[in-house]
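Inspection log for the structure reproduced underneath, given as structure tokens.
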Amino acid sequence: MPLWTIYHPVDAYTPETKAEIAKTIVDFYPMLPAFYVGVVFHEMPRDRMFVSGKPTDDFVRIAVDHIARQFPEDALAQKWLNHVSASLAAFTSDLGYRWEVHFDETPFKFWRIQGYPAPLPDSEAERKWKADDAASPYDFAA
Amino acid sequence: MPLWTIYHPVDAYTPETKAEIAKTIVDFYPMLPAFYVGVVFHEMPRDRMFVSGKPTDDFVRIAVDHIARQFPEDALAQKWLNHVSASLAAFTSDLGYRWEVHFDETPFKFWRIQGYPAPLPDSEAERKWKADDAASPYDFAA
Amino acid sequence: MPLWTIYHPVDAYTPETKAEIAKTIVDFYPMLPAFYVGVVFHEMPRDRMFVSGKPTDDFVRIAVDHIARQFPEDALAQKWLNHVSASLAAFTSDLGYRWEVHFDETPFKFWRIQGYPAPLPDSEAERKWKADDAASPYDFAA
């Protein structure tokens with residue numbers, strides 16, 4: 001987590017652009033191990049994606065599942081969202097696409113990586129996972 | 001938002017039927033700008049969709065993400081759901097498919113359209129967006 | 001519900017293995033009618049799935065929507081998750097894949113099967129649905 005699901009028109013993005021989008025998204029989370037950040041792309045033909053009840057090929061729809069690492073203040077959340085929106089414009093509105101994004105929050109405790117519960121934020125284990133960009137055994141009962 | 005994700009058997013729906021389903025869904029939300037309503041279809045071959053642990057080609061599974069524009073009373077929510085279920089029957093049980101739908105609620109504040117926070121319900125900006133069926137700049141700090 | 005969405009590398013699983021995974025998942029919910037358990041598989045080419053901002057073909061990402069039939073104690077939830085993780089290892093880490101799973105909880109009341117609200121847990125109607133492995137009319141206003 002986070003898990004980003006991106007629905008986009010056919011041929012909207014080359015593999016190189018998708019990699020650029022994925023790297024941009026990783027950079028939204030400088031505090032997290034990079035491998036926490038998953039991005040999946042669904043290429044949607046006109047007859048599989050509808051807006052206003054009409055088939056569409058000019059719409060990018062992004063749905064994000066976040067683990068609730070809450071923002072201490074709502075103002076910080078909005079500031080972060082402003083940054084995210086501005087950064088994503090390069091891959092959406094700047095290319096002539098309409099777009100929309102929403103974030104859901106899911107429970108920290110119902111999340112497992114390689115079978116492990118995620119280490120607590122800012123714990124020694126998380127720092128190791130971040131440095132290694134990989135999960136490894138740790139004493140999660142501690 | 002709302003975002004409707006519809007998993008369906010191969011060849012269950014023509015593009016015309018998908019458009020009809022999408023229009024039916026837009027009509028579930030007469031108070032919202034129509035372009036808020038996104039619908040994506042995933043055509044699922046038998047070996048990619050399982051119910052009761054068995055491959056299936058007779059099942060339509062619908063998952064919906066709602067922004068929490070809460071119902072003032074639970075009875076209204078159930079009445080709305082009854083209407084939704086009855087309307088979807090034409091595309092599911094009436095065609096011989098088993099089906100299931102669930103709705104999740106996600107935070108209003110974590111949602112951006114064309115980079116804008118959505119206008120507040122029943123605000124002047126929302127009325128304009130609804131009349132135009134399109135997002136446009138507005139003074140969201142107001 | 002539950003609805004399991006499984007993103008996996010191309011050719012990671014044969015149809016037989018997918019059926020085995022789906023049966024394994026059904027067994028995680030011995031108290032539920034088996035037909036409540038839906039599993040969808042998305043085969044992801046390298047250039048459609050990214051981890052750490054890099055295209056990947058060694059990652060299995062599982063996202064689950066649960067209806068909130070809460071665990072009476074958090075320790076039971078963790079015990080169940082340990083069992084789930086250990087069972088899924090056969091299809092993930094044991095095959096050399098990195099993997100991650102998270103569960104979201106969605107409202108019981110916003111869920112319809114064949115147009116019916118789901119019977120209450122351990123009700124007579126639920127017992128019948130479980131025995132039949134199928135939904136059928138019942139007096140849900142009772």
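Chain lettering (A, B, ...) mirrors the order of the structure tokens, residue numbering begins at 1 for each chain separately, and ligand numbering begins at 1 in order of display.
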Using only C-alpha atoms, I'd like every residue of chain A that has an atom within 10 Å of chain B; please write them out as a ChimeraX atom specification. /A:7,42,44-56,59-65,74,77-78,81-89,92-93,97-106
Nearby residues (only C-alpha atoms) at most 12 Å from B:Asp139, same-chain spacing under 5 positions excluded, as a PyMOL selection string: chain B and resi 116-120+123-126
Would you mind exporting the chosen residues as a compact mmCIF listing (two decimals), in the first residue's frame, restricted to N, CA and C atoms?
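Result went into part_2.txt, see below:
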```
# COMPACT_ATOMS: atom_id res chain seq x y z
N TYR B 116 -9.66 19.77 -9.10
CA TYR B 116 -10.44 20.56 -8.14
C TYR B 116 -11.06 19.68 -7.06
N PRO B 117 -11.13 20.19 -5.83
CA PRO B 117 -12.02 19.54 -4.87
C PRO B 117 -13.45 19.66 -5.42
N ALA B 118 -14.27 18.65 -5.21
CA ALA B 118 -15.66 18.75 -5.67
C ALA B 118 -16.36 19.87 -4.90
N PRO B 119 -17.20 20.63 -5.59
CA PRO B 119 -17.99 21.65 -4.87
C PRO B 119 -18.89 20.99 -3.82
N LEU B 120 -19.24 21.73 -2.82
CA LEU B 120 -20.13 21.19 -1.79
C LEU B 120 -21.50 20.88 -2.41
N SER B 123 -24.23 23.50 -3.77
CA SER B 123 -23.62 24.82 -3.87
C SER B 123 -23.84 25.38 -5.27
N GLU B 124 -23.59 26.67 -5.41
CA GLU B 124 -23.72 27.31 -6.73
C GLU B 124 -22.78 26.63 -7.74
N ALA B 125 -21.54 26.36 -7.30
CA ALA B 125 -20.59 25.74 -8.23
C ALA B 125 -21.09 24.37 -8.69
N GLU B 126 -21.64 23.59 -7.75
CA GLU B 126 -22.14 22.27 -8.16
C GLU B 126 -23.28 22.41 -9.15
```
Can you tell me how far atom CA of A:Asp11 sits from atom CA of A:Asp58, in Å to one decimal?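 Separating atom CA of A:Asp11 from atom CA of A:Asp58 is a distance of 11.1 Å.
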Once DSSP has gone over the backbone, tell me which residues of stretch 6-126 of chain A are in strand (DSSP E), as a ChimeraX atom specification. /A:6-9,38-44,49-51,54-55,59-67,98-106,111-113,116-117
Separation of atom CA of B:Leu32 from atom CA of B:Phe71 in Å: 14.0 Å
